[in-house]
$ cat my_file.cif   # mmCIF, C-alpha atoms
data_data
loop_
_atom_site.label_atom_id
_atom_site.label_comp_id
_atom_site.auth_asym_id
_atom_site.auth_seq_id
_atom_site.Cartn_x
_atom_site.Cartn_y
_atom_site.Cartn_z
CA MET A 1094 97.11 126.34 122.79
CA SER A 1095 93.92 126.23 124.80
CA ARG A 1096 92.96 122.97 126.40
CA LEU A 1097 90.29 121.25 124.36
CA GLU A 1098 89.26 118.87 127.10
CA GLU A 1099 85.63 119.19 126.22
CA THR A 1100 86.32 117.58 122.84
CA ARG A 1101 86.39 113.80 123.12
CA ILE A 1102 88.63 111.80 120.82
CA ALA A 1103 88.29 108.05 120.44
CA VAL A 1104 91.39 106.24 119.28
CA VAL A 1105 89.72 103.21 117.72
CA GLY A 1106 91.90 100.13 117.53
CA GLY A 1107 94.15 102.05 119.83
CA THR A 1108 96.10 99.22 121.43
CA GLY A 1109 98.85 99.16 118.79
CA ASP A 1110 101.92 101.38 118.47
CA LEU A 1111 100.22 104.11 116.46
CA GLY A 1112 97.21 104.21 118.79
CA PHE A 1113 99.46 104.42 121.84
CA GLY A 1114 101.53 107.22 120.30
CA LEU A 1115 98.49 109.24 119.23
CA ALA A 1116 96.72 108.76 122.57
CA VAL A 1117 99.81 109.85 124.51
CA ARG A 1118 100.09 113.03 122.45
CA LEU A 1119 96.38 113.87 122.28
CA ALA A 1120 95.67 113.28 125.97
CA LYS A 1121 97.28 116.63 126.76
CA ALA A 1122 94.64 118.59 124.87
CA TYR A 1123 91.64 116.30 124.50
CA THR A 1124 89.60 113.83 126.50
CA VAL A 1125 90.90 110.60 125.00
CA THR A 1126 89.33 107.16 124.99
CA ILE A 1127 91.10 104.09 123.66
CA GLY A 1128 88.93 101.60 121.85
CA SER A 1129 89.59 97.93 121.20
CA ARG A 1130 87.58 94.90 120.22
CA ASP A 1131 88.60 93.53 123.60
CA LEU A 1132 87.67 95.64 126.63
CA ALA A 1133 90.48 94.26 128.80
CA ARG A 1134 93.09 95.17 126.17
CA ALA A 1135 91.57 98.65 125.84
CA ALA A 1136 91.75 99.11 129.61
CA ASP A 1137 95.39 97.94 129.67
CA ALA A 1138 96.37 100.31 126.89
CA ALA A 1139 94.50 103.19 128.54
CA GLU A 1140 96.31 102.52 131.79
CA LYS A 1141 99.68 102.69 130.04
CA VAL A 1142 98.76 105.99 128.41
CA SER A 1143 97.53 107.37 131.72
CA ALA A 1144 100.77 106.34 133.42
CA VAL A 1145 102.86 108.21 130.83
CA THR A 1146 100.68 111.32 130.56
CA ARG A 1147 99.30 111.55 134.11
CA VAL A 1148 95.97 112.31 132.50
CA ARG A 1149 93.05 109.95 132.90
CA VAL A 1150 92.43 108.01 129.69
CA GLU A 1151 89.64 105.43 129.50
CA GLY A 1152 89.52 102.11 127.71
CA LYS A 1153 86.29 101.01 126.04
CA THR A 1154 85.11 98.65 123.36
CA ASN A 1155 85.46 100.15 119.88
CA GLY A 1156 81.68 100.55 119.63
CA GLU A 1157 81.38 102.37 122.95
CA ALA A 1158 84.40 104.53 122.25
CA ALA A 1159 82.96 105.52 118.87
CA GLY A 1160 79.49 106.24 120.29
CA GLY A 1161 80.88 108.44 123.06
CA CYS A 1162 83.31 110.58 121.06
CA ASP A 1163 83.26 113.78 119.03
CA ILE A 1164 86.19 112.76 116.81
CA ALA A 1165 87.43 109.25 116.02
CA ILE A 1166 90.86 108.23 114.78
CA LEU A 1167 91.01 104.79 113.18
CA ALA A 1168 94.44 103.74 114.43
CA VAL A 1169 94.18 100.23 113.07
CA PRO A 1170 97.22 98.51 111.57
CA ASP A 1171 95.54 97.63 108.27
CA LEU A 1172 92.33 98.28 106.36
CA PRO A 1173 89.52 97.77 108.91
CA SER A 1174 87.11 94.96 108.14
CA ALA A 1175 83.70 95.74 106.68
CA GLU A 1176 82.19 94.32 109.87
CA LEU A 1177 84.13 96.67 112.12
CA LEU A 1178 83.24 99.69 109.99
CA SER A 1179 79.56 98.83 109.76
CA SER A 1180 79.44 98.28 113.52
CA LEU A 1181 80.85 101.79 114.02
CA ALA A 1182 78.84 103.61 111.34
CA GLY A 1183 75.90 104.53 113.59
CA GLY A 1184 78.04 105.79 116.46
CA LEU A 1185 80.17 107.89 114.13
CA GLU A 1186 77.36 109.66 112.23
CA GLU A 1187 78.04 113.37 111.68
CA LYS A 1188 81.43 113.02 113.38
CA LEU A 1189 84.93 113.71 112.13
CA VAL A 1190 86.71 110.41 111.42
CA ILE A 1191 90.45 110.53 110.76
CA SER A 1192 92.11 107.72 108.82
CA PRO A 1193 95.87 107.36 109.30
CA ILE A 1194 95.58 103.93 107.66
CA VAL A 1195 98.11 102.82 105.05
CA PRO A 1196 97.30 99.31 103.79
CA MET A 1197 100.63 97.74 102.87
CA VAL A 1198 102.25 94.52 101.79
CA ILE A 1199 105.91 93.60 101.92
CA ASN A 1200 107.52 91.52 99.19
CA ASP A 1201 111.24 90.72 99.17
CA GLY A 1202 111.70 93.40 101.83
CA ILE A 1203 110.01 96.10 99.73
CA PHE A 1204 106.85 97.84 100.98
CA SER A 1205 103.98 98.66 98.60
CA LEU A 1206 100.38 99.77 98.93
CA SER A 1207 98.26 96.65 99.10
CA LEU A 1208 95.08 98.08 97.58
CA SER A 1209 95.25 97.75 93.81
CA GLY A 1210 93.39 101.04 93.44
CA GLY A 1211 91.75 103.63 95.65
CA SER A 1212 92.79 104.34 99.20
CA ALA A 1213 92.03 103.43 102.77
CA ALA A 1214 90.45 106.85 103.33
CA GLU A 1215 88.02 106.34 100.44
CA ARG A 1216 87.11 102.85 101.69
CA VAL A 1217 86.43 104.25 105.13
CA ALA A 1218 84.34 107.10 103.71
CA LYS A 1219 82.31 104.66 101.66
CA ALA A 1220 81.62 102.50 104.71
CA LEU A 1221 80.81 105.54 106.90
CA PRO A 1222 78.70 107.63 104.49
CA LYS A 1223 77.28 109.87 107.23
CA SER A 1224 80.65 110.66 108.80
CA HIS A 1225 83.14 113.36 107.75
CA VAL A 1226 86.29 111.49 106.80
CA ALA A 1227 89.80 112.93 106.55
CA GLY A 1228 93.11 111.19 105.87
CA ALA A 1229 96.03 112.35 108.06
CA PHE A 1230 99.05 111.30 110.14
CA HIS A 1231 100.22 108.71 107.54
CA THR A 1232 103.86 109.78 107.60
CA VAL A 1233 104.26 110.34 111.33
CA PRO A 1234 106.31 107.44 112.72
CA ALA A 1235 104.51 105.72 115.61
CA SER A 1236 107.81 105.23 117.43
CA ARG A 1237 108.43 108.98 117.49
CA LEU A 1238 104.88 109.80 118.55
CA ALA A 1239 105.36 107.61 121.59
CA GLN A 1240 108.50 109.48 122.69
CA LEU A 1241 107.22 112.64 124.29
CA GLY A 1242 110.65 114.24 124.04
CA GLU A 1243 110.47 114.22 120.22
CA GLU A 1244 109.27 117.57 118.94
CA LEU A 1245 107.82 116.09 115.71
CA ALA A 1246 108.74 118.94 113.39
CA TYR A 1247 107.12 117.19 110.43
CA ASP A 1248 104.58 118.15 107.81
CA VAL A 1249 101.37 116.20 107.49
CA LEU A 1250 99.36 116.02 104.27
CA VAL A 1251 95.63 115.91 104.97
CA THR A 1252 92.93 114.81 102.52
CA ALA A 1253 89.25 115.66 102.95
CA ASP A 1254 86.33 116.35 100.64
CA SER A 1255 85.78 119.87 101.96
CA ARG A 1256 87.97 122.57 103.41
CA GLU A 1257 85.76 122.60 106.50
CA VAL A 1258 86.49 118.95 107.25
CA TYR A 1259 90.16 119.61 106.49
CA GLU A 1260 90.20 122.49 108.99
CA ARG A 1261 88.75 120.30 111.72
CA ALA A 1262 91.29 117.55 111.08
CA ALA A 1263 94.07 120.14 110.83
CA ARG A 1264 93.30 121.33 114.37
CA VAL A 1265 93.84 117.79 115.66
CA VAL A 1266 97.11 117.49 113.69
CA SER A 1267 98.32 120.87 114.97
CA SER A 1268 97.74 119.79 118.56
CA VAL A 1269 100.40 117.07 118.25
CA GLY A 1270 103.97 118.27 118.80
CA GLU A 1271 105.15 120.61 116.08
CA LEU A 1272 103.23 118.86 113.31
CA ARG A 1273 102.14 121.22 110.51
CA PRO A 1274 99.05 120.22 108.51
CA PHE A 1275 98.65 120.98 104.80
CA TYR A 1276 95.53 120.47 102.75
CA ALA A 1277 96.33 117.97 100.00
CA GLY A 1278 92.92 117.78 98.30
CA PRO A 1279 89.85 115.54 98.24
CA LEU A 1280 89.78 111.91 99.29
CA THR A 1281 90.25 110.87 95.66
CA VAL A 1282 93.94 111.83 95.94
CA SER A 1283 94.44 109.91 99.21
CA ARG A 1284 96.17 107.06 97.41
CA MET A 1285 99.06 109.34 96.43
CA VAL A 1286 99.32 110.61 100.01
CA GLU A 1287 99.08 107.11 101.55
CA GLY A 1288 101.76 105.93 99.11
CA ILE A 1289 104.35 108.21 100.68
CA THR A 1290 104.49 105.91 103.73
CA PRO A 1291 105.70 102.74 101.96
CA ALA A 1292 108.13 104.95 100.00
CA LEU A 1293 109.54 106.25 103.31
CA LEU A 1294 109.73 102.74 104.77
CA ASN A 1295 111.73 101.59 101.75
CA VAL A 1296 114.00 104.61 101.99
CA SER A 1297 114.46 103.87 105.69
CA ARG A 1298 115.46 100.27 105.11
CA LEU A 1299 117.62 100.82 102.03
CA ASN A 1300 119.49 103.86 103.39
CA LYS A 1301 119.61 102.91 107.07
CA LEU A 1302 117.58 105.93 108.21
CA ARG A 1303 115.63 105.61 111.44
CA SER A 1304 111.90 106.39 111.10
CA PRO A 1305 112.12 109.19 108.53
CA SER A 1306 109.25 111.60 108.05
CA ILE A 1307 108.96 114.54 105.66
CA ARG A 1308 109.01 118.29 105.67
CA LEU A 1309 108.03 120.58 102.83
CA VAL A 1310 110.79 122.95 101.82
CA MET B 1437 133.36 117.69 93.34
CA SER B 1438 135.61 116.76 90.44
CA ARG B 1439 134.60 117.89 87.02
CA LEU B 1440 133.00 115.02 85.14
CA GLU B 1441 133.33 116.64 81.73
CA GLU B 1442 134.24 113.40 80.08
CA THR B 1443 130.78 112.02 80.93
CA ARG B 1444 128.23 113.12 78.35
CA ILE B 1445 124.63 113.67 79.42
CA ALA B 1446 121.83 114.03 76.89
CA VAL B 1447 118.78 115.91 78.12
CA VAL B 1448 116.22 114.38 75.78
CA GLY B 1449 113.16 116.53 75.17
CA GLY B 1450 115.21 119.23 76.83
CA THR B 1451 113.51 122.32 75.43
CA GLY B 1452 110.95 122.57 78.25
CA ASP B 1453 111.32 124.07 81.71
CA LEU B 1454 112.61 120.89 83.36
CA GLY B 1455 115.10 120.25 80.57
CA PHE B 1456 116.37 123.81 80.75
CA GLY B 1457 116.75 123.65 84.52
CA LEU B 1458 118.56 120.30 84.46
CA ALA B 1459 120.84 121.32 81.60
CA VAL B 1460 121.78 124.56 83.36
CA ARG B 1461 122.70 122.68 86.53
CA LEU B 1462 124.43 119.71 84.89
CA ALA B 1463 126.51 121.77 82.44
CA LYS B 1464 128.85 122.66 85.28
CA ALA B 1465 129.97 119.10 85.79
CA TYR B 1466 129.11 117.22 82.62
CA THR B 1467 129.25 117.64 78.86
CA VAL B 1468 125.58 118.31 78.18
CA THR B 1469 123.64 117.98 74.95
CA ILE B 1470 120.02 119.07 74.62
CA GLY B 1471 117.85 116.91 72.42
CA SER B 1472 114.60 117.80 70.71
CA ARG B 1473 112.50 116.42 67.90
CA ASP B 1474 113.27 119.68 66.14
CA LEU B 1475 116.96 120.51 65.63
CA ALA B 1476 116.35 124.26 65.51
CA ARG B 1477 114.53 124.22 68.84
CA ALA B 1478 117.30 122.11 70.37
CA ALA B 1479 119.90 124.60 69.12
CA ASP B 1480 117.90 127.52 70.53
CA ALA B 1481 117.55 125.85 73.92
CA ALA B 1482 121.25 124.93 73.96
CA GLU B 1483 122.18 128.53 73.20
CA LYS B 1484 120.10 129.76 76.14
CA VAL B 1485 121.76 127.28 78.48
CA SER B 1486 125.21 128.24 77.17
CA ALA B 1487 124.43 131.91 77.74
CA VAL B 1488 123.49 131.28 81.38
CA THR B 1489 126.25 128.83 82.22
CA ARG B 1490 129.05 130.15 79.96
CA VAL B 1491 129.73 126.51 79.13
CA ARG B 1492 129.24 125.22 75.62
CA VAL B 1493 126.09 123.10 75.37
CA GLU B 1494 125.07 121.57 72.04
CA GLY B 1495 121.62 121.06 70.58
CA LYS B 1496 120.88 117.91 68.58
CA THR B 1497 117.93 115.83 67.49
CA ASN B 1498 116.77 113.45 70.22
CA GLY B 1499 118.17 110.49 68.27
CA GLU B 1500 121.58 112.03 67.83
CA ALA B 1501 121.70 113.25 71.43
CA ALA B 1502 120.82 109.75 72.66
CA GLY B 1503 123.35 108.04 70.40
CA GLY B 1504 126.18 110.34 71.48
CA CYS B 1505 125.67 110.30 75.25
CA ASP B 1506 126.73 108.18 78.22
CA ILE B 1507 123.68 109.05 80.31
CA ALA B 1508 120.26 110.24 79.11
CA ILE B 1509 117.62 112.12 81.07
CA LEU B 1510 114.13 111.97 79.61
CA ALA B 1511 113.01 115.49 80.47
CA VAL B 1512 109.75 115.22 78.58
CA PRO B 1513 106.59 116.81 79.98
CA ASP B 1514 104.48 113.64 79.81
CA LEU B 1515 104.85 109.93 79.11
CA PRO B 1516 106.98 109.71 75.94
CA SER B 1517 105.30 108.12 72.96
CA ALA B 1518 106.08 104.52 72.01
CA GLU B 1519 107.53 105.87 68.74
CA LEU B 1520 109.96 108.20 70.51
CA LEU B 1521 111.11 105.46 72.89
CA SER B 1522 111.58 102.87 70.17
CA SER B 1523 113.52 105.39 68.07
CA LEU B 1524 115.87 105.92 71.04
CA ALA B 1525 116.21 102.30 72.16
CA GLY B 1526 119.23 101.45 69.98
CA GLY B 1527 121.18 104.58 70.87
CA LEU B 1528 120.54 104.09 74.59
CA GLU B 1529 121.58 100.43 74.86
CA GLU B 1530 123.67 99.70 77.96
CA LYS B 1531 123.35 103.33 79.06
CA LEU B 1532 121.91 104.87 82.21
CA VAL B 1533 118.51 106.44 81.44
CA ILE B 1534 116.95 108.66 84.10
CA SER B 1535 113.19 109.22 84.11
CA PRO B 1536 111.98 112.30 85.96
CA ILE B 1537 108.61 111.82 84.24
CA VAL B 1538 105.37 112.16 86.20
CA PRO B 1539 102.36 111.56 83.95
CA MET B 1540 99.56 113.71 85.36
CA VAL B 1541 96.05 114.90 84.70
CA ILE B 1542 94.26 117.82 86.29
CA ASN B 1543 90.54 117.66 87.09
CA ASP B 1544 88.73 120.48 88.86
CA GLY B 1545 92.10 121.95 89.74
CA ILE B 1546 93.34 118.75 91.39
CA PHE B 1547 96.39 116.90 90.06
CA SER B 1548 96.49 113.10 89.89
CA LEU B 1549 98.67 110.47 88.27
CA SER B 1550 97.25 109.77 84.83
CA LEU B 1551 98.41 106.17 84.51
CA SER B 1552 95.81 103.89 86.03
CA GLY B 1553 98.56 101.55 87.22
CA GLY B 1554 102.31 101.25 86.95
CA SER B 1555 104.65 104.17 86.49
CA ALA B 1556 106.44 106.17 83.86
CA ALA B 1557 109.76 104.62 84.91
CA GLU B 1558 108.43 101.10 84.35
CA ARG B 1559 107.00 102.06 80.96
CA VAL B 1560 110.34 103.52 79.95
CA ALA B 1561 112.20 100.43 81.19
CA LYS B 1562 109.88 98.17 79.22
CA ALA B 1563 110.43 100.19 76.04
CA LEU B 1564 114.21 100.34 76.58
CA PRO B 1565 114.94 96.77 77.73
CA LYS B 1566 118.69 97.02 77.13
CA SER B 1567 119.10 100.30 79.04
CA HIS B 1568 119.57 100.79 82.79
CA VAL B 1569 116.60 102.86 83.92
CA ALA B 1570 116.31 104.88 87.12
CA GLY B 1571 113.54 107.21 88.30
CA ALA B 1572 114.73 110.46 89.89
CA PHE B 1573 114.25 114.23 90.13
CA HIS B 1574 110.41 113.97 90.28
CA THR B 1575 110.01 116.37 93.18
CA VAL B 1576 112.57 118.98 92.17
CA PRO B 1577 110.66 122.03 90.90
CA ALA B 1578 111.80 123.04 87.41
CA SER B 1579 111.46 126.71 88.32
CA ARG B 1580 113.98 126.33 91.14
CA LEU B 1581 116.41 124.30 89.04
CA ALA B 1582 116.54 127.16 86.56
CA GLN B 1583 117.50 129.69 89.23
CA LEU B 1584 121.19 129.10 89.83
CA GLY B 1585 121.02 131.03 93.10
CA GLU B 1586 118.72 128.39 94.63
CA GLU B 1587 120.74 125.91 96.68
CA LEU B 1588 118.19 123.09 96.21
CA ALA B 1589 118.50 121.57 99.69
CA TYR B 1590 115.97 118.88 98.82
CA ASP B 1591 115.90 115.11 99.05
CA VAL B 1592 115.37 113.02 95.94
CA LEU B 1593 113.95 109.50 96.00
CA VAL B 1594 115.53 107.32 93.34
CA THR B 1595 114.15 104.03 92.04
CA ALA B 1596 116.23 101.48 90.15
CA ASP B 1597 116.29 97.72 89.83
CA SER B 1598 119.78 97.39 91.24
CA ARG B 1599 121.88 99.28 93.71
CA GLU B 1600 124.55 99.71 91.04
CA VAL B 1601 122.15 101.57 88.75
CA TYR B 1602 120.94 103.56 91.76
CA GLU B 1603 124.52 104.57 92.60
CA ARG B 1604 125.11 105.81 89.07
CA ALA B 1605 121.89 107.85 89.09
CA ALA B 1606 122.68 109.09 92.60
CA ARG B 1607 125.95 110.59 91.38
CA VAL B 1608 124.03 112.64 88.81
CA VAL B 1609 121.52 113.76 91.47
CA SER B 1610 124.32 114.71 93.88
CA SER B 1611 125.95 116.90 91.24
CA VAL B 1612 122.91 119.22 91.22
CA GLY B 1613 122.92 121.87 93.94
CA GLU B 1614 122.53 120.38 97.41
CA LEU B 1615 120.22 117.57 96.29
CA ARG B 1616 120.56 114.42 98.40
CA PRO B 1617 119.66 111.12 96.72
CA PHE B 1618 118.06 108.23 98.61
CA TYR B 1619 117.49 104.75 97.24
CA ALA B 1620 113.74 104.09 97.30
CA GLY B 1621 113.68 100.57 95.83
CA PRO B 1622 113.07 98.84 92.51
CA LEU B 1623 111.14 100.32 89.60
CA THR B 1624 108.00 98.51 90.79
CA VAL B 1625 107.65 101.12 93.55
CA SER B 1626 108.10 104.07 91.17
CA ARG B 1627 104.38 104.77 91.15
CA MET B 1628 104.45 105.70 94.84
CA VAL B 1629 107.46 107.93 94.27
CA GLU B 1630 105.99 109.57 91.16
CA GLY B 1631 102.76 110.18 93.08
CA ILE B 1632 104.50 112.53 95.48
CA THR B 1633 104.67 115.16 92.72
CA PRO B 1634 100.91 115.61 92.15
CA ALA B 1635 100.49 115.56 95.94
CA LEU B 1636 102.97 118.44 96.22
CA LEU B 1637 101.29 120.33 93.39
CA ASN B 1638 97.94 120.04 95.18
CA VAL B 1639 99.48 121.15 98.45
CA SER B 1640 101.08 124.08 96.64
CA ARG B 1641 97.82 125.23 95.13
CA LEU B 1642 95.60 124.63 98.16
CA ASN B 1643 97.98 126.18 100.70
CA LYS B 1644 99.52 128.90 98.53
CA LEU B 1645 103.05 127.51 98.78
CA ARG B 1646 105.45 128.31 95.96
CA SER B 1647 107.04 125.23 94.35
CA PRO B 1648 107.41 123.05 97.45
CA SER B 1649 109.79 120.13 97.48
CA ILE B 1650 110.53 117.67 100.28
CA ARG B 1651 113.22 116.86 102.78
CA LEU B 1652 113.44 113.76 104.93
CA VAL B 1653 113.61 114.52 108.64
#

$ encode --input "my_file.cif" --output "structure tokens"
Amino acid sequence: MSRLEETRIAVVGGTGDLGFGLAVRLAKAYTVTIGSRDLARAADAAEKVSAVTRVRVEGKTNGEAAGGCDIAILAVPDLPSAELLSSLAGGLEEKLVISPIVPMVINDGIFSLSLSGGSAAERVAKALPKSHVAGAFHTVPASRLAQLGEELAYDVLVTADSREVYERAARVVSSVGELRPFYAGPLTVSRMVEGITPALLNVSRLNKLRSPSIRLV
Amino acid sequence: MSRLEETRIAVVGGTGDLGFGLAVRLAKAYTVTIGSRDLARAADAAEKVSAVTRVRVEGKTNGEAAGGCDIAILAVPDLPSAELLSSLAGGLEEKLVISPIVPMVINDGIFSLSLSGGSAAERVAKALPKSHVAGAFHTVPASRLAQLGEELAYDVLVTADSREVYERAARVVSSVGELRPFYAGPLTVSRMVEGITPALLNVSRLNKLRSPSIRLV
């Protein structure tokens, strides 16, 4: 794989486990910036990623990270607020925006999607009408992303409203370990794809499996 | 695996592809009856299964098949009608009823769940309140079930409202090829499990994969 350093990826909300794992993996091929509401936390997280990867990763506010990137990944733990999305909309115009978001609730130890209808990817697309939104990475366990020794031989279902946007997101997915992207259809089917994550979390808990992901066979 | 001949499985609505595939696989371990609205069609389908398996499989009306079984699988192509379910309710009291049903629509070539909320398994459980309902087999391609040479090294997510009902359904799943059952939680999460099937169908069509299933890794 050729080094894609000239492409800049912002991991927005990148101070959590998923953001750390994605940044660590992507820093090998892309120029990565970690965004956070809080600049000091972004800088801390970037320093940790730099220490692991020995590649310079910067920390910025979410707005600055979004404005200075070519591709943004919204690595936030839950549905981003309308305020956050509207503050990013200008900076993300005409850019690829990847949503790995799975909005979940847990009741009596059982995970479910928290949105009563629709999907996180559709909400993001609605709030960022001039961006090119794709859903991806939902079933890749953050804990495994963070362990660089894990080969990540998993399959990733990607939703996007055009094959061109899919192809761009698929290149990002393919750059991470052994992940294989598959086109799963337009954003309208994102709910079914996002729903695989709570299903896997339930399977994990009820069958004592550690961080399962999926492979198509 | 010990032969479970003494356990009688009715494949209700078993004249379609899924019913044929399940009957062919289950006839090796269980006494299988194929049910249909139409007795002649049931007898035809049973004869075909008997010819492939060299085990005697009977065809009966759905009502008779349900009344004379220990376990029923509702291998119908779409959500069964309220009339069908209420006609079966008495015969299926206290019995294990497995729903592999995934109610789908296709728009512009893209598959989606057709129920706006809830799941086929929950609908079945509501209509059969004295039965023990489990959801299973959703992601096992009918075309591969029917080919006895296919080892079926797939994983099957099973929903049920108790671990006891899960265990009973899991034994049926385990008797088919190399299928591995996993407990995915109560029937309330069936929608997420059922949604994996249209996602796989979209992936199949958009990436030119033949009848993909899944494996946990």

$ closest_atom_pairs --input "my_file.cif" --of "chain B" --to "chain A" --cutoff "6 Å" --atoms "all atoms listed in the file" --output "tab-separated table"
residue	atom	partner	partner_atom	distance
B:Tyr1619	CA	A:Val1296	CA	5.9
B:Ala1620	CA	A:Val1296	CA	4.7
B:Met1628	CA	A:Gly1288	CA	5.1
B:Gly1631	CA	A:Met1285	CA	5.1
B:Asn1638	CA	A:Ala1277	CA	5.5
B:Val1639	CA	A:Ala1277	CA	4.7
B:Pro1648	CA	A:Val1310	CA	5.5
B:Ser1649	CA	A:Val1310	CA	5.3
B:Ile1650	CA	A:Leu1309	CA	4.6
B:Arg1651	CA	A:Arg1308	CA	5.3
B:Leu1652	CA	A:Ile1307	CA	4.6
B:Val1653	CA	A:Ser1306	CA	5.3

$ residues_around --input "my_file.cif" --residues "Thr1154 (chain A)" --least-positions-apart "6" --cutoff "10 Å" --atoms "only C-alpha atoms" --output "PyMOL selection string"
chain A and resi 1105-1106+1126-1136+1160

$ resolve_selection --input "my_file.cif" --expression "the PyMOL selection byres ((chain A and resi 1258-1263) around 9)" --output "list in words"
Leu1189, Val1190, Ile1191, His1225, Val1226, Ala1227, Gly1228, Ala1229, Val1249, Val1251, Thr1252, Ala1253, Asp1254, Ser1255, Arg1256, Glu1257, Arg1264, Val1265, Val1266, Ser1267, Ser1268, Arg1273, Pro1274, Phe1275, Tyr1276 and Gly1278 of chain A

$ closest_residue --input "my_file.cif" --among "B:Ala1465, B:Ile1542, B:Val1447, B:Leu1515" --to "Gly1554 (chain B)" --atoms "only C-alpha atoms"
B:Leu1515

$ resolve_selection --input "my_file.cif" --expression "the PyMOL selection byres ((chain A and resi 1149) around 12)" --output "PyMOL selection string"
chain A and resi 1098+1116-1117+1119-1127+1136+1138-1148+1150-1152

$ closest_residue --input "my_file.cif" --among "A:Pro1173, A:Pro1193, A:Pro1222, A:Gly1161" --to "Pro1234 (chain A)" --atoms "only C-alpha atoms"
A:Pro1193

$ resolve_selection --input "my_file.cif" --expression "the PyMOL selection byres ((chain A and resi 1115) around 9)" --output "ChimeraX atom specification"
/A:1104,1107,1110-1114,1116-1120,1166,1168,1235,1238-1239,1269

$ closest_residue --input "my_file.cif" --among "B:His1574, B:Arg1444, B:Lys1644, B:Lys1566" --to "Val1512 (chain B)" --atoms "all atoms listed in the file"
B:His1574

$ residues_around --input "my_file.cif" --residues "Ser1550 (chain B)" --least-positions-apart "4" --cutoff "6 Å" --atoms "only C-alpha atoms" --output "list in words"
Pro1539, Met1540 and Val1541 of chain B

$ write_last_selection --input "my_file.cif" --atoms "C-alpha atoms" --output "PDB file, in the frame of the given file"
ATOM      1  CA  PRO B1539     102.360 111.560  83.950  1.00  0.00           C
ATOM      2  CA  MET B1540      99.560 113.710  85.360  1.00  0.00           C
ATOM      3  CA  VAL B1541      96.050 114.900  84.700  1.00  0.00           C
TER       4      VAL B1541
END

$ atom_distance --input "my_file.cif" --atom1 "CA of Ala1502 (chain B)" --atom2 "CA of Gly1527 (chain B)"
5.5 Å

$ residues_around --input "my_file.cif" --residues "Arg1559 (chain B)" --least-positions-apart "4" --cutoff "10 Å" --atoms "all atoms listed in the file" --output "PDB file with C-alpha atoms, in the coordinates of the input"
ATOM      1  CA  LEU B1515     104.850 109.930  79.110  1.00  0.00           C
ATOM      2  CA  PRO B1516     106.980 109.710  75.940  1.00  0.00           C
ATOM      3  CA  ALA B1518     106.080 104.520  72.010  1.00  0.00           C
ATOM      4  CA  LEU B1521     111.110 105.460  72.890  1.00  0.00           C
ATOM      5  CA  SER B1535     113.190 109.220  84.110  1.00  0.00           C
ATOM      6  CA  GLY B1554     102.310 101.250  86.950  1.00  0.00           C
ATOM      7  CA  SER B1555     104.650 104.170  86.490  1.00  0.00           C
ATOM      8  CA  ALA B1563     110.430 100.190  76.040  1.00  0.00           C
ATOM      9  CA  LEU B1564     114.210 100.340  76.580  1.00  0.00           C
ATOM     10  CA  LEU B1623     111.140 100.320  89.600  1.00  0.00           C
TER      11      LEU B1623
END

$ atom_distance --input "my_file.cif" --atom1 "CA of Thr1451 (chain B)" --atom2 "CA of Asp1480 (chain B)"
8.4 Å

$ atom_distance --input "my_file.cif" --atom1 "CA of Gly1242 (chain A)" --atom2 "CA of Ala1158 (chain A)"
28.0 Å

$ residues_around --input "my_file.cif" --residues "Ser1224 (chain A)" --least-positions-apart "4" --cutoff "6 Å" --atoms "only C-alpha atoms" --output "ChimeraX atom specification"
/A:1186-1188

$ decode --input "my_file.cif" --residues "region 1231-1239 of chain A" --atoms "N, CA and C atoms" --output "PDB file, in the first residue's frame"
ATOM      1  N   HIS A1231     -18.566  -0.036  12.080  1.00  0.00           N
ATOM      2  CA  HIS A1231     -19.441  -0.264  13.236  1.00  0.00           C
ATOM      3  C   HIS A1231     -19.076  -1.517  14.024  1.00  0.00           C
ATOM      4  N   THR A1232     -18.639  -2.553  13.326  1.00  0.00           N
ATOM      5  CA  THR A1232     -18.443  -3.848  13.990  1.00  0.00           C
ATOM      6  C   THR A1232     -16.980  -4.144  14.315  1.00  0.00           C
ATOM      7  N   VAL A1233     -16.131  -3.126  14.195  1.00  0.00           N
ATOM      8  CA  VAL A1233     -14.716  -3.343  14.513  1.00  0.00           C
ATOM      9  C   VAL A1233     -14.491  -2.956  15.980  1.00  0.00           C
ATOM     10  N   PRO A1234     -14.175  -3.926  16.828  1.00  0.00           N
ATOM     11  CA  PRO A1234     -14.036  -3.613  18.254  1.00  0.00           C
ATOM     12  C   PRO A1234     -12.895  -2.622  18.513  1.00  0.00           C
ATOM     13  N   ALA A1235     -13.196  -1.560  19.252  1.00  0.00           N
ATOM     14  CA  ALA A1235     -12.194  -0.535  19.559  1.00  0.00           C
ATOM     15  C   ALA A1235     -10.984  -1.151  20.249  1.00  0.00           C
ATOM     16  N   SER A1236     -11.237  -2.119  21.125  1.00  0.00           N
ATOM     17  CA  SER A1236     -10.127  -2.708  21.888  1.00  0.00           C
ATOM     18  C   SER A1236      -9.143  -3.421  20.969  1.00  0.00           C
ATOM     19  N   ARG A1237      -9.638  -3.975  19.879  1.00  0.00           N
ATOM     20  CA  ARG A1237      -8.748  -4.686  18.951  1.00  0.00           C
ATOM     21  C   ARG A1237      -8.030  -3.720  18.012  1.00  0.00           C
ATOM     22  N   LEU A1238      -8.727  -2.625  17.670  1.00  0.00           N
ATOM     23  CA  LEU A1238      -8.068  -1.594  16.859  1.00  0.00           C
ATOM     24  C   LEU A1238      -6.823  -1.092  17.581  1.00  0.00           C
ATOM     25  N   ALA A1239      -6.953  -0.900  18.881  1.00  0.00           N
ATOM     26  CA  ALA A1239      -5.871  -0.285  19.649  1.00  0.00           C
ATOM     27  C   ALA A1239      -4.662  -1.197  19.786  1.00  0.00           C
TER      28      ALA A1239
END
